[in-house]
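> Once you've had a glance at the structure underneath, I'll fire off some questions.
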Amino acid sequence: MLEVRGIQVYYGAIHALKGLDISVGHGEIVSIIGSNGAGKSTLLRTISGLLRPKEGDILLNGDSIINLPPNRIVQCGIVHAPEGRRIFTNMTVGENLQLGAFIRKDDAIASDMEAVLNRFPRLRERFKQNAGTLSGGEQQMLAIGRALMARPKILLLDEPSLGLAPNLVAEIFKIIRDINRDGTTVLLVEQNAIRALELANRAYVLETCRIVLSDTGAALLANPKVREAYLGG
Amino acid sequence: MPLEAAALTHQRFSSGKFWLVRIVSIALLVGIACLFQFAAVPHMGIYDKRLLISAMTFASLAVSLNLINGVTGQFSMGHAGFYMIGAYTGAKLTTTFYDRHLMPDYAWLLAVICGGAVMSAFAGFIVGLPSLRLRGDYLAIVTLGFGEILRVVVNNQDGGDKSLFGLNLGGSYALDMPRGSRISELAYIFVFLVITIAICRNLLKTAHGLAFLSIREDETAAEATGINTTKFKVTAFVIGAALAGIAGVLMAHYNGSVTPNDYTMDVSFLLVTMVVMGGTGSITGAALAGISLKLLEESLRSVPDIPAVNLWAAVVVAILFAAVLKRGGLGRVLNAPALAVVRIVIAELTLLLIAYMVFKLWHTQMSIVFKVAASLVFLGCAAAFHARDNVRKALPTFGYLVTCVAVVLLISIPLASAFHKLPLLQKLIGDTTYKATDVRWAFFATALVITMLVRSQGLFGHHEFSWSFLGRSFGKRSETVEASA
């Protein structure tokens with residue numbers, strides 16, 4: 001469904017991604033794990049059009065999306081929930097969700113809002129509250145909910161467990177699994193390697209700007225090298 | 001609660017009610033404008049009229065700048081430039097083509113307004129383009145440069161060698177418009193102010209309005225959400241500039257001439273100050289701050305001259321006083337209940353003092369506009385004090401401040417006469433007096449500093465005027481507030 005072919009990305013003079021190839025199949029959950037600064041977020045930012053690669057190509061269902069601006073990419077169905085939640089803190093929860101559906105013109109927005117509020121009952125409780133007053137977990141739910149409002153075909157999630165208490169992390173991962181079960185493909189970037197590998201159909205290990213390993217989630221979970229480097233032995 | 005989602009995503013008004021509200025408000029607007037024009041204006045002096053007009057013009061400029069600076073978060077400091085383009089386009093069109101037998105005045109004015117708006121909008125488009133690459137302070141510098149370059153260019157357009165295409169805009173002198181072309185009126189400017197507010201408000205009510213706000217909140221997130229940030233940033237610049245241009249046209253046709261000195265950096269700075277003071281993003285705040293700051297600035301012109309010795313004595317006493325206060329104020333001497341009583345007494349005394357000052361103001365020679373404005377401010381203060389908890393808490397502090405200032409001034413009197421006896425000081429500043437027109441900016445700045453210290457998020461913060469907001473401000477608590485508290 002989504003295919004990334006040999007992309008080279010630079011931040012000024014810094015070579016941030018050195019020829020990456022990944023692919024995401026329809027209905028999969030694909031995880032990308034790796035240490036800080038390996039280039040995980042850069043990869044997602046490149047796919048969603050926030051960064052432009054020097055070389056390489058990104059294909060969605062066989063069509064190149066490399067030259068599209070971010071808003072067109074969202075319209076194609078690739079929706080990015082960026083790292084650090086980045087919700088609109090001075091707007092209400094409802095307005096945040098409404099903005100998630102900004103690119104849509106269809107009539108199903110209200111019913112999708114209902115679906116999101118059913119998925120995250122806490123957001124319904126806080127519907128008219130300023131998003132900045134939410135707790136960290138609620139903000140993460142709002143960030144995911146906002147992304148869902150765009151009706152993504154592929155959801156790009158960047159560190160959804162960042163800074164959350166363990167029980168909330170479990171909840172968020174359960175929600176991601178549910179979203180995937182309802183038919184959305186998920187590309188997940190995570191530092192919490194165990195959870196990410198448990199959840200994933202397939203996974204990639206990103207190290208110093210390159211893919212060094214790729215396999216099914218279960219196989220990587222059993223791989224001694226991965227265990228040593230990312231899972232604490 | 002599916003209603004909530006439905007209410008947000010569907011039109012708020014049914015179309016019948018929507019049009020009824022529109023028609024009634026337009027009728028009201030026209031009615032008020034006519035009443036104004038035919039009942040009040042003939043009794044006003046030229047100066048009163050000019051004050052009102054410049055206050056309303058600056059209010060509309062602040063509202064249009066608010067769209068760029070406050071709502072979309074693009075820090076523009078070149079608003080005077082757009083204002084200038086409108087004014088000069090209008091003035092030049094009128095000097096070249098105006099003929100009172102050709103069409104009625106209001107039709108000509110409308111035509112010129114369109115011309116000025118288009119030119120300013122185009123400039124807004126050009127200036128908006130850098131905003132795609134620059135953020136924050138960098139954009140501020142670029143827009144500041146735009147305004148100044150424009151002013152310098154106009155300064156040289158006198159039809160001579162240095163003029164582009166031999167264009168004559170009067171150079172550094174005024175470009176005088178022909179007799180009979182002062183076709184703008186107070187009522188027009190009033191209507192324009194209301195229209196500006198209506199445009200900005202309606203723009204923000206739509207789904208697109210949220211898109212403008214989202215860019216200020218978090219540009220990356222807005223982009224990731226699928227909002228075409230490029231389009232919205234440039235749109236904000238274009239609309240803001242066009243509105244400023246129309247203000248320029250109206251002002252030029254009221255004055256009958258334009259001069260580059262009316263469009264200096266000071267104007268841009270003043271406008272940015274108004275937006276910040278009103279609360280970034282708040283239309284209500286921008287409009288009110290626009291009116292009140294402009295009036296404050298003008299009213300300070302009539303402050304009497306101050307002998308230098310007195311001023312310096314006051315400054316010295318103020319510094320000493322502040323040093324003493326730092327070691328502990330009233331709280332050290334009094335226990336809590338006594339302090340509470342003292343605070344209430346101080347607060348009420350402050351209100352009385354303000355009332356007395358307003359009363360005195362009515363007996364001075366100052367313009368009726370100032371008198372009415374000051375009275376309104378007083379009424380607002382008094383109402384807010386008696387209805388709002390947080391204002392009631394703030395007023396004693398304010399009163400305390402006023403008391404301190406009064407004490408400082410009292411002590412400074414003997415000190416000033418002592419200063420007069422010092423030969424050295426007598427020699428240095430003995431005869432100097434500061435003209436109010438020179439030091440008024442210092443007073444203006446002091447007023448700004450105090451306001452921003454007291455209320456750093458601006459007068460209105462992110463809020464807008466609405467009847468429920470008013471009700472909430474004056475003690476009524478709606479359910480949503482309690483739910484979110």
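Chain identifiers are assigned as A, B, and so on, following the order in which chains appear in the structure tokens; residues are numbered from 1 within each chain, and ligands are numbered from 1 in order of appearance.
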Please identify which residues in segment 53-135 of chain A DSSP calls strand (DSSP E or B) from the backbone, and express them as an MDAnalysis selection string.
chainID A and resid 55:60 63:64 78:81 92 130
> May I have the residues from that selection written out with N, CA, C and O atoms, as a PDB file, in the first residue's frame?

ATOM      1  N   GLU A  55      16.555  12.490  -2.448  1.00  0.00           N
ATOM      2  CA  GLU A  55      16.442  11.425  -3.437  1.00  0.00           C
ATOM      3  C   GLU A  55      15.425  10.411  -2.950  1.00  0.00           C
ATOM      4  O   GLU A  55      15.069  10.389  -1.788  1.00  0.00           O
ATOM      5  N   GLY A  56      15.044   9.524  -3.850  1.00  0.00           N
ATOM      6  CA  GLY A  56      14.157   8.438  -3.474  1.00  0.00           C
ATOM      7  C   GLY A  56      12.712   8.754  -3.809  1.00  0.00           C
ATOM      8  O   GLY A  56      12.401   9.837  -4.316  1.00  0.00           O
ATOM      9  N   ASP A  57      11.838   7.825  -3.502  1.00  0.00           N
ATOM     10  CA  ASP A  57      10.448   7.982  -3.898  1.00  0.00           C
ATOM     11  C   ASP A  57       9.537   7.384  -2.828  1.00  0.00           C
ATOM     12  O   ASP A  57       9.945   6.491  -2.092  1.00  0.00           O
ATOM     13  N   ILE A  58       8.352   7.933  -2.722  1.00  0.00           N
ATOM     14  CA  ILE A  58       7.351   7.384  -1.812  1.00  0.00           C
ATOM     15  C   ILE A  58       6.097   7.117  -2.629  1.00  0.00           C
ATOM     16  O   ILE A  58       5.593   8.019  -3.314  1.00  0.00           O
ATOM     17  N   LEU A  59       5.629   5.862  -2.599  1.00  0.00           N
ATOM     18  CA  LEU A  59       4.487   5.495  -3.423  1.00  0.00           C
ATOM     19  C   LEU A  59       3.312   5.126  -2.538  1.00  0.00           C
ATOM     20  O   LEU A  59       3.461   4.411  -1.554  1.00  0.00           O
ATOM     21  N   LEU A  60       2.144   5.637  -2.916  1.00  0.00           N
ATOM     22  CA  LEU A  60       0.918   5.216  -2.243  1.00  0.00           C
ATOM     23  C   LEU A  60       0.079   4.507  -3.294  1.00  0.00           C
ATOM     24  O   LEU A  60      -0.308   5.117  -4.289  1.00  0.00           O
ATOM     25  N   ASP A  63       1.226   5.170  -6.784  1.00  0.00           N
ATOM     26  CA  ASP A  63       1.407   6.536  -7.286  1.00  0.00           C
ATOM     27  C   ASP A  63       2.384   7.300  -6.399  1.00  0.00           C
ATOM     28  O   ASP A  63       2.309   7.207  -5.178  1.00  0.00           O
ATOM     29  N   SER A  64       3.257   8.051  -7.037  1.00  0.00           N
ATOM     30  CA  SER A  64       4.232   8.810  -6.268  1.00  0.00           C
ATOM     31  C   SER A  64       3.541   9.975  -5.554  1.00  0.00           C
ATOM     32  O   SER A  64       2.738  10.693  -6.140  1.00  0.00           O
ATOM     33  N   ILE A  78      -3.124   9.704   4.073  1.00  0.00           N
ATOM     34  CA  ILE A  78      -2.013   9.473   4.995  1.00  0.00           C
ATOM     35  C   ILE A  78      -2.061  10.560   6.063  1.00  0.00           C
ATOM     36  O   ILE A  78      -1.855  11.733   5.761  1.00  0.00           O
ATOM     37  N   VAL A  79      -2.384  10.192   7.274  1.00  0.00           N
ATOM     38  CA  VAL A  79      -2.545  11.193   8.322  1.00  0.00           C
ATOM     39  C   VAL A  79      -1.538  10.944   9.436  1.00  0.00           C
ATOM     40  O   VAL A  79      -1.380   9.829   9.917  1.00  0.00           O
ATOM     41  N   HIS A  80      -0.885  12.027   9.838  1.00  0.00           N
ATOM     42  CA  HIS A  80       0.250  11.963  10.742  1.00  0.00           C
ATOM     43  C   HIS A  80      -0.162  12.543  12.097  1.00  0.00           C
ATOM     44  O   HIS A  80      -0.623  13.678  12.162  1.00  0.00           O
ATOM     45  N   ALA A  81      -0.022  11.761  13.163  1.00  0.00           N
ATOM     46  CA  ALA A  81      -0.194  12.320  14.505  1.00  0.00           C
ATOM     47  C   ALA A  81       1.205  12.600  15.035  1.00  0.00           C
ATOM     48  O   ALA A  81       1.906  11.690  15.455  1.00  0.00           O
ATOM     49  N   THR A  92     -10.941  24.280  22.090  1.00  0.00           N
ATOM     50  CA  THR A  92     -11.615  23.225  22.848  1.00  0.00           C
ATOM     51  C   THR A  92     -11.337  21.875  22.186  1.00  0.00           C
ATOM     52  O   THR A  92     -10.873  21.796  21.046  1.00  0.00           O
ATOM     53  N   ASN A 130     -10.887  23.506  27.177  1.00  0.00           N
ATOM     54  CA  ASN A 130      -9.688  23.814  26.406  1.00  0.00           C
ATOM     55  C   ASN A 130      -8.752  22.609  26.409  1.00  0.00           C
ATOM     56  O   ASN A 130      -8.526  21.995  27.451  1.00  0.00           O
TER      57      ASN A 130
END
> Which of segment 6-118 of chain A counts as helix (DSSP H, G or I) under DSSP, as a PyMOL selection string please?
chain A and resi 40-47+70-76+93-100+109-118
> Taking C-alpha atoms for each residue, export the selection above as a PDB file, in the first residue's frame.

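Saved result, out_7.pdb, follows:
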ATOM      1  CA  LYS A  40      12.364   7.548  13.168  1.00  0.00           C
ATOM      2  CA  SER A  41      10.460  10.823  13.385  1.00  0.00           C
ATOM      3  CA  THR A  42      12.262  12.126  10.323  1.00  0.00           C
ATOM      4  CA  LEU A  43      10.921   9.174   8.369  1.00  0.00           C
ATOM      5  CA  LEU A  44       7.324   9.943   9.359  1.00  0.00           C
ATOM      6  CA  ARG A  45       7.756  13.644   8.695  1.00  0.00           C
ATOM      7  CA  THR A  46       9.057  12.810   5.238  1.00  0.00           C
ATOM      8  CA  ILE A  47       6.158  10.501   4.439  1.00  0.00           C
ATOM      9  CA  PRO A  70       1.228  18.068   3.167  1.00  0.00           C
ATOM     10  CA  ASN A  71      -2.431  18.996   2.810  1.00  0.00           C
ATOM     11  CA  ARG A  72      -2.744  16.959  -0.405  1.00  0.00           C
ATOM     12  CA  ILE A  73      -1.064  14.004   1.272  1.00  0.00           C
ATOM     13  CA  VAL A  74      -3.635  14.171   4.057  1.00  0.00           C
ATOM     14  CA  GLN A  75      -6.324  14.160   1.386  1.00  0.00           C
ATOM     15  CA  CYS A  76      -4.752  11.020  -0.077  1.00  0.00           C
ATOM     16  CA  VAL A  93     -11.497  19.470  22.426  1.00  0.00           C
ATOM     17  CA  GLY A  94     -14.425  19.740  20.017  1.00  0.00           C
ATOM     18  CA  GLU A  95     -12.659  22.324  17.876  1.00  0.00           C
ATOM     19  CA  ASN A  96      -9.538  20.175  17.748  1.00  0.00           C
ATOM     20  CA  LEU A  97     -11.583  17.258  16.465  1.00  0.00           C
ATOM     21  CA  GLN A  98     -13.418  19.503  14.039  1.00  0.00           C
ATOM     22  CA  LEU A  99     -10.106  20.693  12.626  1.00  0.00           C
ATOM     23  CA  GLY A 100      -9.058  17.074  12.162  1.00  0.00           C
ATOM     24  CA  ILE A 109     -18.199  14.146   9.747  1.00  0.00           C
ATOM     25  CA  ALA A 110     -20.760  14.311  12.540  1.00  0.00           C
ATOM     26  CA  SER A 111     -21.111  10.559  12.703  1.00  0.00           C
ATOM     27  CA  ASP A 112     -17.320  10.168  12.666  1.00  0.00           C
ATOM     28  CA  MET A 113     -17.116  12.632  15.533  1.00  0.00           C
ATOM     29  CA  GLU A 114     -19.555  10.405  17.376  1.00  0.00           C
ATOM     30  CA  ALA A 115     -17.406   7.379  16.614  1.00  0.00           C
ATOM     31  CA  VAL A 116     -14.293   9.095  17.928  1.00  0.00           C
ATOM     32  CA  LEU A 117     -16.129  10.244  21.057  1.00  0.00           C
ATOM     33  CA  ASN A 118     -17.348   6.693  21.587  1.00  0.00           C
TER      34      ASN A 118
END
> Would you mind reading off the distance between atom CA of Val191 of chain B and atom CA of Ala241 of chain B, one decimal, in Å?
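Value for the atom CA of Val191 of chain B-atom CA of Ala241 of chain B distance: 18.2 Å.
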